[in-house]
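Please read the structure below before turning to the comments.
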Amino acid sequence: MSIRVRFAPSPTGALHIGGVRTALFNYLLAKKHGGTFILRIEDTDQNRFVPGAEQYIIDTLKWCGIEPTEGVGFGDGSFAPYRQSERKSIYKKYADELINNGHAYYAFDTTDELEAMRERLKNENHQSYDAHSRNTMRNSLTLTADATAKLISEGMPYVVRLKVPTDEVIEVDDMIRGKIFFNTKELDDKVLMKADGMPTYHLANVVDDYEMQITHVIRGEEWLPSAGHHVLLYRLFGWLNAMPQFAHLPLILKPDGKGKLSKRDGAKFGFPVFPLGWHGDTPENSFDGFREKGFYPEAVINFLALLGWSSGTEQEIFSLEELVDLFSVEKIHKAGARFDYDKAKWFNQQYIMRTSNGILAEQLQAACTEKGYTATKEYLTGFAGLMKERVVFFNDFLEKGIYFFEDVKTYDKPNLEKRWKGDNRVKFGDVIRFIDTLDFHDASAMEHAVKDFITANGLKLGEVLPTLRIALAGTMQGPGIFDMAVLFGKAKTIERLKKAQTDFDALV
RNA sequence: GGUCCAUUCGUCUAUCGGUUAGGACACUAGAUUUUCAUUCUAGUAGGACGGGUUCGACUCCCGUAUGGACUACCA
């Protein structure tokens with residue numbers, strides 16, 4: 001049987017980076033075995049539904065290059081619909097089946113009654129709606145069949161609850177953690193159908209995974225505690241032989257290790273926690289994502305893949321294809337992994353350095369257009385070659401390399417003051433005139449010629465060279481002086497040098 | 001409180017009973033360079049604790065501690 005996995009997020013806002021990793025691991029398992037990767041939208045909570053969230057999920061998967069083979073936004077396959085809100089009647093059917101078999105029941109308790117029950121049980125270990133307390137509540141177990149039917153016909157709101165059997169052991173076999181056991185006396189009577197007619201996660205998830213013939217459920221560790229309920233449902237439905245294999249992924253933790261990474265941590269720690277930007281209704285609810293920050297999707301994927309998984313080798317840089325090839329659920333680490341932004345940056349830097357100058361030039365062309373810069377492909381190719389080892393984010397190219405596109409507006413005054421004096425200052429014009437006589441094609445030849453000229457004229461390399469750099473770039477940082485000069489061309493270089501000479505005199 | 005999960009350098013991890021416990025990020029130092037970056041070299045740093053099992057334990061078992069998740073008509 002071929003593998004079928006699903007990524008099943010809830011459209012309650014921007015997709016968290018942890019969700020992206022869950023999607024990635026599902027994708028990797030599917031691709032590795034030539035299986036099917038499904039996107040299912042779990043929109044059963046009408047109160048938390050956020051417009052645009054579904055599209056955000058689709059856009060994210062596309063940007064990351066981990067596209068599902070079927071599901072919302074990716075084609076119908078043969079198991080549509082993939083939106084749970086469109087599958088209500090299916091859940092109703094199965095809930096009824098459970099009720100008819102005595103495995104579920106109607107419950108009419110109001111919020112107040114539920115609170116009173118919890119208050120009453122405060123001093124006991126079982127504070128929940130379970131085998132201990134259900135006989136004290138208002139439900140079809142304590143009411144007669146007639147009374148129950150009457151309440152329903154009168155329009156009394158009700159939920160359907162799972163009737164958890166007493167004192168049985170449920171075994172969950174997790175691919176990452178091994179066997180986990182739950183005693184049903186610790187399990188509560190989970191709500192299966194809500195008063196609004198929508199199923200809860202537990203019912204919808206199990207029903208859909210069964211109906212969609214899911215073979216492997218890869219999801220976050222937060223689902224581990226309710227996995228017992230899920231296995232119970234498979235058993236009660238008689239689906240045990242079709243039950244998927246479970247793999248509960250370790251959580252992605254905050255950098256300080258205190259709890260799982262949450263969306264507010266982005267602002268708190270100063271890095272993105274979302275793949276793409278999100279425009280909420282208020283500025284506080286709007287965030288930049290990895291994409292806006294200047295990350296490459298390949299770097300984000302690589303980084304996320306190694307957060308909780310390792311190939312077992314010492315290789316760190318993996319293409320998606322390599323990840324697919326090497327992936328195995330058994331190699332997933334058990335413990336939670338802290339989010340390490342420094343490492344994420346390192347990955348991005350690696351990807352930028354490994355991207356060809358030609359491709360970078362194409363990407364830069366678009367960025368330049370946005371900023372109103374005009375530059376030839378040839379110029380941008382040269383620029384990319386000079387700058388790519390000096391940037392971490394793609395956005396750094398135009399920020400750190402602004403002087404490749406605009407005139408130098410400010411000079412590094414402290415560093416200039418140290419050198420703009422004596423012979424260096426006096427003979428700077430001579431240096432410019434000499435440079436003007438050179439051929440601007442070979443940076444290394446220029447460098448030798450200028451250095452010879454400098455020493456031959458009794459000047460110091462350590463004084464002249466930095467001033468040339470500041471003249472051309474305004475800053476002490478950046479590519480080789482003559483690499484820049486060649487790229488700028490003679491006219492622009494000489495123009496900048498001459499202008500700088502006047503500016504320097506005014507400044508220092 | 002209860003249930004469940006976890007625990008190797010600061011961080012991400014390798015190790016599937018016998019290793020000088022390896023790599024990467026970060027950090028420090030040095031080399032290279034006109035600067036920055038890249039690159040290279042070197043260094044600091046680790047098996048939570050206590051019991052077992054075993055000839056031998058980071059590795060298996062138990063306990064403790066610590067951390068985490070869950071404990072909604074949210075997912």
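Every chain in the structure tokens takes a letter, A first, then B, and so on in the order presented; its residues are numbered from 1, and the ligands are numbered from 1 following the presented order.
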
DSSP strand (DSSP E) residues within range 187-374 of chain A, listed as a PyMOL selection string: chain A and resi 191-193+216-220+245-249+252-253+337-338

Writing out the chosen residues with C-alpha atoms as a short mmCIF file (atom, residue, chain, number, x, y, z; two decimals), in the first residue's frame:
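The resulting file, selection_39.cif, is shown below:
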```cif
data_model
loop_
_atom_site.label_atom_id
_atom_site.label_comp_id
_atom_site.auth_asym_id
_atom_site.auth_seq_id
_atom_site.Cartn_x
_atom_site.Cartn_y
_atom_site.Cartn_z
CA VAL A 191 -16.65 16.00 23.25
CA LEU A 192 -16.98 14.57 19.75
CA MET A 193 -19.67 16.81 18.34
CA HIS A 216 1.04 7.88 8.72
CA VAL A 217 0.05 10.65 11.10
CA ILE A 218 2.98 12.98 11.65
CA ARG A 219 2.02 15.77 14.01
CA GLY A 220 3.29 17.82 16.92
CA GLN A 245 1.11 4.82 12.27
CA PHE A 246 1.73 7.73 14.58
CA ALA A 247 4.79 9.91 14.87
CA HIS A 248 4.72 12.77 17.36
CA LEU A 249 7.31 15.39 16.56
CA ILE A 252 10.25 23.71 18.74
CA LEU A 253 11.10 25.60 21.91
CA ALA A 337 14.67 21.63 20.08
CA ARG A 338 15.32 25.24 20.86
#
```

Show me a table, sorted first by chain and then by increasing residue number, of the residues of chain B having an atom at most 8 Å from chain A, each with its shortest atom pair and the distance in Å to one decimal, counting only C-alpha atoms (C1' of nucleotides) and written as CSV.
```
residue,atom,partner,partner_atom,distance
B:G1,C1',A:Asn125,CA,7.1
B:G2,C1',A:Asn125,CA,5.6
B:U3,C1',A:Glu186,CA,6.7
B:C4,C1',A:Pro225,CA,5.5
B:C5,C1',A:Leu224,CA,7.9
B:A6,C1',A:Ala335,CA,5.2
B:U7,C1',A:Ala335,CA,7.7
B:U11,C1',A:Asp340,CA,6.4
B:C12,C1',A:Leu307,CA,6.5
B:U13,C1',A:Ser310,CA,7.0
B:A14,C1',A:Gly312,CA,6.2
B:G23,C1',A:Glu314,CA,5.5
B:A24,C1',A:Glu316,CA,7.2
B:C25,C1',A:Lys343,CA,5.0
B:A26,C1',A:Asp342,CA,7.3
B:U34,C1',A:Leu465,CA,5.0
B:U35,C1',A:Met476,CA,4.9
B:C36,C1',A:Gln477,CA,4.2
B:A37,C1',A:Arg390,CA,4.5
B:U38,C1',A:Glu389,CA,5.6
B:G67,C1',A:Lys258,CA,8.0
B:G68,C1',A:Gly259,CA,6.4
B:A69,C1',A:Glu222,CA,5.3
B:C70,C1',A:Pro225,CA,5.5
B:C73,C1',A:Lys194,CA,4.6
B:C74,C1',A:Asp45,CA,7.2
B:A75,C1',A:Ser10,CA,6.4
```

Skipping near chain neighbours, those fewer than 3 positions away, what residues fall within 12 Å of C58 in chain B using only C-alpha atoms (C1' of nucleotides), listed as a count of residues only? 9

Pick out the residues sitting within 12 Å of Cys368 in chain A, and hand them over as number ranges by chain; count only C-alpha atoms (C1' of nucleotides), and ignore anything fewer than 2 positions along from it in its own chain. A: 360-366, 370-377, 379-380, 395, 397-399, 401-402, 404-406

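One finds CA of Gly238 in chain A at 25.0 Å from CA of Asn139 in chain A.
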
Which parts of range 112-216 of chain A does DSSP call helix (DSSP H, G or I) when run on the backbone here, written out as a PDB file with N, CA and C atoms, in the first residue's frame?
```pdb
ATOM      1  N   ASP A 112     -22.402  26.452  33.024  1.00  0.00           N
ATOM      2  CA  ASP A 112     -22.447  26.592  34.481  1.00  0.00           C
ATOM      3  C   ASP A 112     -22.399  25.236  35.168  1.00  0.00           C
ATOM      4  N   GLU A 113     -23.145  24.309  34.623  1.00  0.00           N
ATOM      5  CA  GLU A 113     -23.180  22.974  35.231  1.00  0.00           C
ATOM      6  C   GLU A 113     -21.814  22.303  35.144  1.00  0.00           C
ATOM      7  N   LEU A 114     -21.133  22.525  34.037  1.00  0.00           N
ATOM      8  CA  LEU A 114     -19.801  21.948  33.884  1.00  0.00           C
ATOM      9  C   LEU A 114     -18.838  22.561  34.893  1.00  0.00           C
ATOM     10  N   GLU A 115     -18.957  23.856  35.058  1.00  0.00           N
ATOM     11  CA  GLU A 115     -18.086  24.533  36.024  1.00  0.00           C
ATOM     12  C   GLU A 115     -18.357  24.054  37.436  1.00  0.00           C
ATOM     13  N   ALA A 116     -19.624  23.887  37.735  1.00  0.00           N
ATOM     14  CA  ALA A 116     -20.007  23.424  39.076  1.00  0.00           C
ATOM     15  C   ALA A 116     -19.421  22.033  39.329  1.00  0.00           C
ATOM     16  N   MET A 117     -19.474  21.201  38.292  1.00  0.00           N
ATOM     17  CA  MET A 117     -18.934  19.850  38.434  1.00  0.00           C
ATOM     18  C   MET A 117     -17.432  19.903  38.729  1.00  0.00           C
ATOM     19  N   ARG A 118     -16.739  20.738  38.000  1.00  0.00           N
ATOM     20  CA  ARG A 118     -15.285  20.826  38.201  1.00  0.00           C
ATOM     21  C   ARG A 118     -14.955  21.360  39.587  1.00  0.00           C
ATOM     22  N   GLU A 119     -15.785  22.295  40.020  1.00  0.00           N
ATOM     23  CA  GLU A 119     -15.594  22.860  41.356  1.00  0.00           C
ATOM     24  C   GLU A 119     -15.801  21.775  42.417  1.00  0.00           C
ATOM     25  N   ARG A 120     -16.814  20.993  42.198  1.00  0.00           N
ATOM     26  CA  ARG A 120     -17.190  19.923  43.114  1.00  0.00           C
ATOM     27  C   ARG A 120     -16.071  18.881  43.225  1.00  0.00           C
ATOM     28  N   ARG A 134     -19.706  11.239  34.950  1.00  0.00           N
ATOM     29  CA  ARG A 134     -20.778  11.332  33.964  1.00  0.00           C
ATOM     30  C   ARG A 134     -22.136  10.908  34.515  1.00  0.00           C
ATOM     31  N   ASN A 135     -22.126  10.065  35.527  1.00  0.00           N
ATOM     32  CA  ASN A 135     -23.402   9.628  36.083  1.00  0.00           C
ATOM     33  C   ASN A 135     -24.075  10.701  36.921  1.00  0.00           C
ATOM     34  N   THR A 136     -23.324  11.784  37.198  1.00  0.00           N
ATOM     35  CA  THR A 136     -23.919  12.871  37.972  1.00  0.00           C
ATOM     36  C   THR A 136     -24.353  14.014  37.080  1.00  0.00           C
ATOM     37  N   ALA A 145     -34.599   7.412  27.825  1.00  0.00           N
ATOM     38  CA  ALA A 145     -34.613   7.606  26.378  1.00  0.00           C
ATOM     39  C   ALA A 145     -35.669   8.636  25.992  1.00  0.00           C
ATOM     40  N   ASP A 146     -36.796   8.577  26.652  1.00  0.00           N
ATOM     41  CA  ASP A 146     -37.870   9.523  26.336  1.00  0.00           C
ATOM     42  C   ASP A 146     -37.467  10.949  26.682  1.00  0.00           C
ATOM     43  N   ALA A 147     -36.902  11.097  27.877  1.00  0.00           N
ATOM     44  CA  ALA A 147     -36.499  12.436  28.308  1.00  0.00           C
ATOM     45  C   ALA A 147     -35.441  13.007  27.375  1.00  0.00           C
ATOM     46  N   THR A 148     -34.532  12.141  26.960  1.00  0.00           N
ATOM     47  CA  THR A 148     -33.494  12.575  26.043  1.00  0.00           C
ATOM     48  C   THR A 148     -34.094  13.029  24.723  1.00  0.00           C
ATOM     49  N   ALA A 149     -34.972  12.208  24.190  1.00  0.00           N
ATOM     50  CA  ALA A 149     -35.612  12.540  22.912  1.00  0.00           C
ATOM     51  C   ALA A 149     -36.395  13.843  23.026  1.00  0.00           C
ATOM     52  N   LYS A 150     -37.012  14.026  24.188  1.00  0.00           N
ATOM     53  CA  LYS A 150     -37.810  15.235  24.390  1.00  0.00           C
ATOM     54  C   LYS A 150     -36.918  16.491  24.375  1.00  0.00           C
ATOM     55  N   LEU A 151     -35.830  16.404  25.099  1.00  0.00           N
ATOM     56  CA  LEU A 151     -34.915  17.553  25.144  1.00  0.00           C
ATOM     57  C   LEU A 151     -34.405  17.906  23.747  1.00  0.00           C
ATOM     58  N   ILE A 152     -34.054  16.873  23.012  1.00  0.00           N
ATOM     59  CA  ILE A 152     -33.527  17.122  21.666  1.00  0.00           C
ATOM     60  C   ILE A 152     -34.595  17.746  20.785  1.00  0.00           C
ATOM     61  N   SER A 153     -35.825  17.215  20.882  1.00  0.00           N
ATOM     62  CA  SER A 153     -36.888  17.746  20.016  1.00  0.00           C
ATOM     63  C   SER A 153     -37.259  19.163  20.415  1.00  0.00           C
ATOM     64  N   THR A 184      -7.635   3.760  30.431  1.00  0.00           N
ATOM     65  CA  THR A 184      -8.846   4.527  30.086  1.00  0.00           C
ATOM     66  C   THR A 184      -9.447   5.229  31.298  1.00  0.00           C
ATOM     67  N   LYS A 185      -9.120   4.779  32.497  1.00  0.00           N
ATOM     68  CA  LYS A 185      -9.707   5.474  33.647  1.00  0.00           C
ATOM     69  C   LYS A 185      -9.092   6.857  33.825  1.00  0.00           C
ATOM     70  N   GLU A 186      -8.017   7.128  33.114  1.00  0.00           N
ATOM     71  CA  GLU A 186      -7.426   8.470  33.147  1.00  0.00           C
ATOM     72  C   GLU A 186      -7.930   9.345  32.006  1.00  0.00           C
ATOM     73  N   TYR A 201     -11.811  18.309  17.020  1.00  0.00           N
ATOM     74  CA  TYR A 201     -10.613  17.779  16.373  1.00  0.00           C
ATOM     75  C   TYR A 201     -10.577  16.262  16.440  1.00  0.00           C
ATOM     76  N   HIS A 202     -10.852  15.720  17.626  1.00  0.00           N
ATOM     77  CA  HIS A 202     -10.662  14.289  17.850  1.00  0.00           C
ATOM     78  C   HIS A 202     -11.485  13.426  16.916  1.00  0.00           C
ATOM     79  N   LEU A 203     -12.740  13.785  16.754  1.00  0.00           N
ATOM     80  CA  LEU A 203     -13.594  13.008  15.871  1.00  0.00           C
ATOM     81  C   LEU A 203     -13.226  13.253  14.409  1.00  0.00           C
ATOM     82  N   ALA A 204     -13.154  14.525  14.054  1.00  0.00           N
ATOM     83  CA  ALA A 204     -12.929  14.885  12.660  1.00  0.00           C
ATOM     84  C   ALA A 204     -11.610  14.311  12.157  1.00  0.00           C
ATOM     85  N   ASN A 205     -10.598  14.410  13.002  1.00  0.00           N
ATOM     86  CA  ASN A 205      -9.275  13.947  12.635  1.00  0.00           C
ATOM     87  C   ASN A 205      -9.258  12.447  12.351  1.00  0.00           C
ATOM     88  N   VAL A 206      -9.854  11.697  13.270  1.00  0.00           N
ATOM     89  CA  VAL A 206      -9.857  10.237  13.121  1.00  0.00           C
ATOM     90  C   VAL A 206     -10.698   9.821  11.912  1.00  0.00           C
ATOM     91  N   VAL A 207     -11.859  10.429  11.811  1.00  0.00           N
ATOM     92  CA  VAL A 207     -12.748  10.082  10.697  1.00  0.00           C
ATOM     93  C   VAL A 207     -12.090  10.404   9.353  1.00  0.00           C
ATOM     94  N   ASP A 208     -11.514  11.594   9.273  1.00  0.00           N
ATOM     95  CA  ASP A 208     -10.911  11.985   7.998  1.00  0.00           C
ATOM     96  C   ASP A 208      -9.680  11.150   7.659  1.00  0.00           C
ATOM     97  N   ASP A 209      -8.870  10.883   8.659  1.00  0.00           N
ATOM     98  CA  ASP A 209      -7.688  10.066   8.391  1.00  0.00           C
ATOM     99  C   ASP A 209      -8.107   8.690   7.896  1.00  0.00           C
ATOM    100  N   TYR A 210      -9.192   8.181   8.465  1.00  0.00           N
ATOM    101  CA  TYR A 210      -9.685   6.879   8.006  1.00  0.00           C
ATOM    102  C   TYR A 210     -10.242   6.986   6.590  1.00  0.00           C
ATOM    103  N   GLU A 211     -11.120   7.942   6.399  1.00  0.00           N
ATOM    104  CA  GLU A 211     -11.766   8.094   5.092  1.00  0.00           C
ATOM    105  C   GLU A 211     -10.757   8.415   3.998  1.00  0.00           C
TER     106      GLU A 211
END
```

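One finds CA of Asp436 in chain A at 10.9 Å from CA of Lys492 in chain A.
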